[in-house]
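Dropping data-v7.csv in here (CSV, C-alpha atoms and all ligand atoms):
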```csv
chain,number,residue,atom,x,y,z
G,25,MET,CA,-80.1,47.0,-62.9
G,26,LYS,CA,-79.6,48.8,-59.5
G,27,ASP,CA,-78.8,45.4,-57.9
G,28,GLN,CA,-76.1,44.6,-60.4
G,29,ILE,CA,-74.6,48.1,-60.2
G,30,LEU,CA,-74.5,47.9,-56.4
G,31,LEU,CA,-73.1,44.4,-56.7
G,32,MET,CA,-70.4,45.8,-59.0
G,33,ALA,CA,-69.6,48.4,-56.4
G,34,ARG,CA,-69.3,45.7,-53.8
G,35,TRP,CA,-67.2,43.5,-56.2
G,36,GLN,CA,-64.8,46.5,-56.5
G,37,GLY,CA,-64.8,47.2,-52.8
G,38,LEU,CA,-63.9,43.6,-52.0
G,39,LYS,CA,-61.2,43.6,-54.7
G,40,ASN,CA,-59.7,46.9,-53.3
G,41,GLU,CA,-59.8,45.3,-49.8
G,42,THR,CA,-58.0,42.2,-51.0
G,43,GLU,CA,-55.3,44.3,-52.8
G,44,ALA,CA,-54.8,46.5,-49.7
G,45,LEU,CA,-54.4,43.3,-47.6
G,46,GLU,CA,-52.0,41.8,-50.1
G,47,ARG,CA,-49.9,45.0,-50.0
G,48,ARG,CA,-49.7,44.8,-46.3
G,49,ILE,CA,-48.8,41.1,-46.3
G,50,GLY,CA,-46.2,41.9,-49.0
G,51,ALA,CA,-44.6,44.6,-47.0
G,52,LEU,CA,-43.9,42.3,-44.0
G,53,PRO,CA,-40.8,40.6,-45.4
G,54,ASP,CA,-39.2,44.0,-45.8
G,55,LYS,CA,-40.0,44.8,-42.2
G,56,ILE,CA,-38.3,41.5,-41.1
G,57,ALA,CA,-35.3,42.2,-43.3
G,58,LEU,CA,-34.9,45.7,-41.7
G,59,LEU,CA,-35.0,44.1,-38.2
G,60,ASP,CA,-32.5,41.5,-39.2
G,61,GLN,CA,-30.2,44.1,-40.7
G,62,GLU,CA,-30.4,46.2,-37.5
G,63,LEU,CA,-29.5,43.1,-35.4
G,64,ALA,CA,-26.7,42.1,-37.7
G,65,ALA,CA,-25.2,45.6,-37.5
G,66,ARG,CA,-25.3,45.3,-33.7
G,67,GLU,CA,-23.8,41.8,-33.6
G,68,GLU,CA,-21.0,43.0,-36.0
G,69,GLU,CA,-20.3,46.0,-33.7
G,70,ALA,CA,-20.1,43.6,-30.7
G,71,ALA,CA,-17.9,41.2,-32.5
G,72,ALA,CA,-15.6,44.0,-33.6
G,73,ALA,CA,-15.3,45.1,-30.0
G,74,GLU,CA,-14.4,41.6,-28.9
G,75,ASP,CA,-11.8,41.3,-31.7
G,76,ALA,CA,-10.2,44.6,-30.7
G,77,ILE,CA,-9.9,43.3,-27.1
G,78,SER,CA,-8.3,40.1,-28.2
G,79,ARG,CA,-5.8,42.0,-30.4
G,80,MET,CA,-5.0,44.2,-27.5
G,81,LYS,CA,-4.5,41.2,-25.2
G,82,LYS,CA,-2.3,39.5,-27.8
G,83,ALA,CA,-0.1,42.7,-28.1
G,84,TYR,CA,0.1,42.8,-24.3
G,85,ARG,CA,1.2,39.2,-24.0
G,86,GLU,CA,3.8,39.8,-26.8
G,87,LEU,CA,5.2,42.8,-25.0
G,88,ASP,CA,5.2,40.9,-21.7
G,89,ARG,CA,7.2,38.1,-23.4
G,90,ASN,CA,9.7,40.6,-24.8
G,91,ALA,CA,10.1,42.2,-21.4
G,92,ARG,CA,10.8,38.8,-19.8
G,93,ASP,CA,13.4,38.0,-22.5
G,94,LEU,CA,15.0,41.3,-21.9
G,95,LEU,CA,15.2,40.7,-18.1
G,96,ALA,CA,16.7,37.3,-18.8
G,97,ARG,CA,19.3,38.9,-21.0
G,98,ILE,CA,20.1,41.5,-18.3
G,99,LYS,CA,20.5,38.8,-15.7
G,100,GLY,CA,22.8,36.9,-18.1
G,101,LYS,CA,25.0,40.0,-18.4
G,102,GLU,CA,25.0,40.4,-14.6
G,103,ALA,CA,26.1,36.8,-14.2
G,104,ARG,CA,29.0,37.4,-16.5
G,105,LEU,CA,30.3,40.4,-14.4
G,106,PRO,CA,32.4,38.4,-11.9
G,107,SER,CA,34.4,36.7,-14.7
G,108,VAL,CA,35.1,40.0,-16.6
G,109,LYS,CA,38.8,40.6,-17.0
G,110,THR,CA,39.1,44.3,-17.8
G,111,ASN,CA,37.5,47.4,-16.3
G,112,LYS,CA,36.6,48.6,-19.8
G,113,GLU,CA,34.6,45.5,-20.5
G,114,TYR,CA,33.0,45.7,-17.0
G,115,GLN,CA,31.9,49.3,-17.7
G,116,ALA,CA,30.6,48.3,-21.1
G,117,ILE,CA,28.5,45.5,-19.6
G,118,LEU,CA,27.1,47.8,-16.9
G,119,LYS,CA,26.2,50.3,-19.6
G,120,GLU,CA,24.3,47.6,-21.6
G,121,MET,CA,22.5,46.5,-18.4
G,122,ASP,CA,21.5,50.1,-17.6
G,123,ALA,CA,20.2,50.5,-21.2
G,124,GLY,CA,18.3,47.2,-20.9
G,125,LYS,CA,16.8,48.2,-17.5
G,126,ALA,CA,15.7,51.6,-19.0
G,127,GLU,CA,14.1,49.8,-21.9
G,128,ASN,CA,12.4,47.3,-19.6
G,129,SER,CA,11.0,50.1,-17.5
G,130,ARG,CA,9.6,51.7,-20.7
G,131,MET,CA,8.0,48.4,-21.6
G,132,GLU,CA,6.5,48.0,-18.1
G,133,ASP,CA,5.0,51.5,-18.3
G,134,ARG,CA,3.5,50.7,-21.7
G,135,MET,CA,2.1,47.5,-20.3
G,136,LEU,CA,0.4,49.3,-17.5
G,137,GLU,CA,-1.1,51.7,-20.1
G,138,MET,CA,-2.2,48.7,-22.1
G,139,LEU,CA,-3.9,47.2,-19.1
G,140,ASP,CA,-5.9,50.4,-18.7
G,141,GLU,CA,-6.8,50.5,-22.3
G,142,ILE,CA,-8.0,46.8,-22.1
G,143,GLU,CA,-10.1,47.6,-19.1
G,144,THR,CA,-11.7,50.6,-20.9
G,145,ALA,CA,-12.3,48.5,-24.0
G,146,GLU,CA,-13.8,45.7,-21.9
G,147,THR,CA,-16.2,48.2,-20.2
G,148,THR,CA,-17.2,49.5,-23.7
G,149,ALA,CA,-17.6,46.0,-25.0
G,150,GLY,CA,-19.8,45.1,-22.0
G,151,HIS,CA,-22.1,48.1,-22.9
G,152,ILE,CA,-22.2,47.0,-26.5
G,153,ARG,CA,-23.0,43.4,-25.4
G,154,SER,CA,-25.9,44.6,-23.2
G,155,ALA,CA,-27.2,46.9,-25.9
G,156,THR,CA,-27.0,44.0,-28.4
G,157,ALA,CA,-28.9,41.7,-26.1
G,158,ILE,CA,-31.7,44.3,-25.7
G,159,VAL,CA,-31.9,44.7,-29.5
G,160,ARG,CA,-31.8,40.9,-30.0
G,161,GLU,CA,-34.8,40.5,-27.6
G,162,ARG,CA,-36.7,43.3,-29.2
G,163,VAL,CA,-36.1,42.0,-32.7
G,164,ALA,CA,-37.2,38.5,-31.6
G,165,ARG,CA,-40.4,40.1,-30.1
G,166,ASP,CA,-41.0,42.2,-33.2
G,167,ARG,CA,-40.5,39.2,-35.5
G,168,GLU,CA,-43.1,37.3,-33.5
G,169,GLU,CA,-45.5,40.2,-33.7
G,170,ILE,CA,-45.0,40.4,-37.5
G,171,ALA,CA,-45.5,36.7,-37.8
G,172,SER,CA,-48.8,36.9,-35.9
G,173,GLU,CA,-49.8,40.0,-37.9
G,174,GLN,CA,-49.0,38.0,-41.1
G,175,ARG,CA,-51.3,35.1,-39.9
G,176,ARG,CA,-54.0,37.6,-39.0
G,177,LEU,CA,-53.8,39.4,-42.4
G,178,ILE,CA,-53.8,36.2,-44.3
G,179,THR,CA,-56.9,35.0,-42.5
G,180,GLU,CA,-58.6,38.3,-43.1
G,181,ARG,CA,-57.6,38.3,-46.8
G,182,ASP,CA,-58.9,34.7,-47.2
G,183,ALA,CA,-62.2,35.8,-45.7
G,184,VAL,CA,-62.4,38.8,-48.0
G,185,LEU,CA,-61.5,36.5,-51.0
G,186,ARG,CA,-64.4,34.2,-50.1
G,187,ARG,CA,-66.8,37.1,-50.0
G,188,PHE,CA,-65.4,38.3,-53.2
G,189,SER,CA,-65.9,35.0,-55.0
G,190,GLU,CA,-69.5,34.9,-53.8
G,191,VAL,CA,-70.1,38.4,-55.2
G,192,ASP,CA,-68.2,37.5,-58.4
G,193,GLU,CA,-70.5,34.5,-59.0
G,194,GLU,CA,-73.6,36.7,-58.6
G,195,LEU,CA,-72.3,39.4,-60.9
G,196,GLU,CA,-73.5,39.1,-64.5
G,197,ALA,CA,-70.8,38.0,-67.0
G,198,SER,CA,-71.5,41.0,-69.3
G,199,LEU,CA,-70.7,43.4,-66.4
G,200,LYS,CA,-67.5,41.5,-65.6
G,201,GLU,CA,-66.5,41.9,-69.2
G,202,LYS,CA,-67.1,45.6,-69.0
G,203,ILE,CA,-65.0,45.8,-65.8
G,204,GLY,CA,-62.3,43.8,-67.5
G,205,ALA,CA,-62.3,46.2,-70.4
G,206,VAL,CA,-61.8,49.2,-68.1
G,207,MET,CA,-59.0,47.4,-66.2
G,208,ALA,CA,-57.3,46.5,-69.5
G,209,ARG,CA,-57.0,50.2,-70.1
G,210,CYS,CA,-55.0,50.3,-66.9
G,211,LYS,CA,-57.8,51.9,-64.9
G,212,THR,CA,-57.6,50.4,-61.4
G,213,PRO,CA,-60.0,50.4,-59.6
G,214,ALA,CA,-62.3,50.1,-62.6
G,215,VAL,CA,-65.5,50.8,-60.6
G,216,VAL,CA,-65.5,54.0,-58.5
G,217,PRO,CA,-68.0,55.9,-56.4
G,218,VAL,CA,-69.3,59.3,-57.2
G,219,ARG,CA,-69.9,61.4,-54.1
G,220,ASN,CA,-71.4,64.9,-54.3
G,221,SER,CA,-70.8,64.9,-58.1
G,222,VAL,CA,-67.2,64.1,-57.7
G,223,CYS,CA,-65.7,61.0,-59.5
G,224,PHE,CA,-63.5,59.2,-57.0
G,225,GLY,CA,-61.4,57.8,-59.8
G,226,CYS,CA,-60.1,61.1,-61.1
G,227,HIS,CA,-61.6,63.6,-58.6
G,228,MET,CA,-63.2,65.6,-61.4
G,229,ASN,CA,-66.7,67.1,-61.1
G,230,ILE,CA,-69.0,65.1,-63.4
G,231,PRO,CA,-71.8,66.9,-65.3
G,232,ARG,CA,-75.1,67.5,-63.4
G,233,GLN,CA,-77.1,65.6,-65.9
G,234,LEU,CA,-74.9,62.5,-65.5
G,235,TYR,CA,-75.0,62.8,-61.8
G,236,ASN,CA,-78.8,62.8,-61.8
G,237,GLU,CA,-78.9,59.8,-64.2
G,238,LEU,CA,-76.5,57.9,-62.0
G,239,GLN,CA,-79.0,58.1,-59.1
G,240,LEU,CA,-81.6,56.3,-61.2
G,241,TYR,CA,-79.4,53.2,-61.7
G,242,GLU,CA,-81.0,52.6,-65.1
G,243,ASN,CA,-77.8,51.7,-67.0
G,244,LEU,CA,-74.1,51.7,-66.7
G,245,LYS,CA,-72.4,55.1,-66.7
G,246,TYR,CA,-68.8,56.0,-67.3
G,247,CYS,CA,-66.8,59.0,-66.2
G,248,PRO,CA,-66.4,61.3,-69.1
G,249,PHE,CA,-62.9,62.2,-67.9
G,250,CYS,CA,-61.3,58.9,-66.7
G,251,SER,CA,-63.7,56.4,-68.4
G,252,ARG,CA,-64.1,54.4,-65.2
G,253,ILE,CA,-67.5,52.8,-64.4
G,254,LEU,CA,-69.4,55.0,-61.9
G,255,TYR,CA,-71.9,54.3,-59.2
G,256,TRP,CA,-73.6,56.8,-57.0
G,257,ASP,CA,-72.6,56.7,-53.4
G,258,PRO,CA,-74.9,58.9,-51.3
G,259,VAL,CA,-72.4,58.9,-48.3
G,260,GLY,CA,-72.0,62.4,-46.9
G,261,GLU,CA,-74.7,64.0,-49.0
G,262,PRO,CA,-77.1,66.2,-47.0
G,263,ASP,CA,-80.2,64.8,-48.7
G,264,SER,CA,-79.3,61.2,-48.3
G,265,SER,CA,-81.6,59.9,-45.6
G,266,SER,CA,-81.4,56.3,-46.8
T,301,ZN,ZN,-63.3,60.0,-63.4
```
Could you rewrite the structure in this file as structure tokens?
Ligand SMILES: [Zn+2]
Amino acid sequence: MKDQILLMARWQGLKNETEALERRIGALPDKIALLDQELAAREEEAAAAEDAISRMKKAYRELDRNARDLLARIKGKEARLPSVKTNKEYQAILKEMDAGKAENSRMEDRMLEMLDEIETAETTAGHIRSATAIVRERVARDREEIASEQRRLITERDAVLRRFSEVDEELEASLKEKIGAVMARCKTPAVVPVRNSVCFGCHMNIPRQLYNELQLYENLKYCPFCSRILYWDPVGEPDSSS
């Protein structure tokens, strides 16, 4: 019986190991998604900065066009001056030209401001581009690391699964049924160690009598508190020389 009980312990151990590896493998896509999200946010920020610059440049070109049109109109007025008949009309045209020149000067001031703003925005966009490039490289590296971790974990899991099926073949069918019955009551893991009288399924102290019996490996014992199948694990006990 001792062999089968220890085999059960091994069966559960390998099952736990498989499940832990499965959980780690299962968590990897989320890690990749987080990296992709981080990069997408950066790319979006970079694209927004570029958009802002092209809007600013467009506004600058528009203002430049308007300023040129205005200058052309001022020149047109100036060309009319020699053919003006009355002083009143002459003065009116001069007044319009002055107003136009003042407006043109405001436009040119604004254009200079805009050039400064574009330069600042381009510097900022440059920083964002470099930061994005760094993130892009890191994300590519991290993704590769995750992919190789995934391959490693899958290889490890497959090896554990092979050991598990060997143990599973050796384990008596009646014992597998008993494990199945405990698992069906939602007790996972179904087989747990008892160390220093403590059930590692529910962390309760089991009765002394049961603890002594467990060490004889005569028959299957269940935890009186959580109903899991127990096996004695002498790890860490002062009197466990072997
Ligand atoms: Zn228990």
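Comparing G:Leu185, G:Leu52, G:Val215, G:Glu137 by their smallest distance to G:Leu87, the closest is G:Glu137 (using all atoms listed in the file).
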In terms of the shortest atom-to-atom distance over all atoms listed in the file, which of G:Cys223, G:Leu195, G:Ala57, G:Leu105 is closest to ligand ZN 301 (chain T)?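 The answer is G:Cys223, which sits nearest to ligand ZN 301 (chain T).
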Long-range neighbours of G:Arg167 as a ChimeraX atom specification, 9 Å cut-off, only C-alpha atoms, 3 positions minimum in chain: /G:55-56,59,162-164,170-172
Check which residues fall inside 6 Å of ligand ZN 301 (chain T) when counting only C-alpha atoms and all ligand atoms, and print them as a PyMOL selection string. chain G and resi 223+225-226+228+247+249-250+252
Give the answer as one residue: which of G:Glu43, G:Asp27, G:Glu261, G:Glu127 has the shortest atom-to-atom distance to G:Val184, using all atoms listed in the file?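 Of all the options, G:Glu43 lies closest to G:Val184.
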Report as a VMD selection string all protein, DNA and RNA residues lying within 12 Å of G:Arg47, evaluated on all atoms listed in the file, omitting residues in the same chain fewer than 4 positions from it. chain G and resid 40 to 43 51 to 54 174 177 to 178 181
Top pick for closest residue to G:Ala116, considering G:Lys101, G:Cys210, G:Ile29, G:Asn229 and counting only C-alpha atoms: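 Of G:Lys101, G:Cys210, G:Ile29, G:Asn229, the one nearest G:Ala116, counting only C-alpha atoms, is G:Lys101.
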Please, which residues in stretch 111-202 of chain G fall within 9 Å of stretch 78-83 of chain G when counting only C-alpha atoms, and what is the closest atom pair and distance in Å to one decimal for each, ordered by chain then residue number, as a tab-separated table?
```
residue	atom	partner	partner_atom	distance
G:Met138	CA	G:Met80	CA	7.6
G:Leu139	CA	G:Lys81	CA	8.6
G:Glu141	CA	G:Met80	CA	8.4
G:Ile142	CA	G:Met80	CA	6.7
```
How would the residues just chosen look if you wrote them out with C-alpha atoms as a short mmCIF file (atom, residue, chain, number, x, y, z; two decimals), in the frame of the given file?
```cif
data_model
loop_
_atom_site.label_atom_id
_atom_site.label_comp_id
_atom_site.auth_asym_id
_atom_site.auth_seq_id
_atom_site.Cartn_x
_atom_site.Cartn_y
_atom_site.Cartn_z
CA MET G 138 -2.20 48.70 -22.10
CA LEU G 139 -3.90 47.20 -19.10
CA GLU G 141 -6.80 50.50 -22.30
CA ILE G 142 -8.00 46.80 -22.10
#
```
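Shortest atom-to-atom contact with G:Glu69 among G:Ala126, G:Ala149, G:Val159, G:Met207: G:Ala149, counting only C-alpha atoms.
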Please measure the separation of atom CA of G:Ile77 and atom CA of G:Ala145, giving the value in Å to one decimal. 6.5 Å
Here is a test: counting all atoms listed in the file, which residue of G:Pro258, G:His227, G:Ala76, G:Asp88 is nearest to G:Thr148?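 Between G:Pro258, G:His227, G:Ala76, G:Asp88, the residue approaching G:Thr148 most closely is G:Ala76.
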Could you check how far atom CA of G:Glu168 sits from atom CA of G:Leu45, in Å to one decimal? 19.0 Å
Just to confirm, what's the straight-line distance from atom CA of G:Ser129 to atom CA of G:Tyr84 in Å (one decimal)? 14.8 Å
With a distance cut-off of 10 Å and all atoms listed in the file, select the neighbouring residues of G:Ala91, excluding the residue or stretch itself and same-chain residues fewer than 5 positions from it, and output the selection as a list in words.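 Returned residues: Arg85, Glu86, Ala96, Arg97, Gly124, Lys125, Glu127, Asn128, Ser129, Arg130, Met131, Glu132 and Met135 of chain G.
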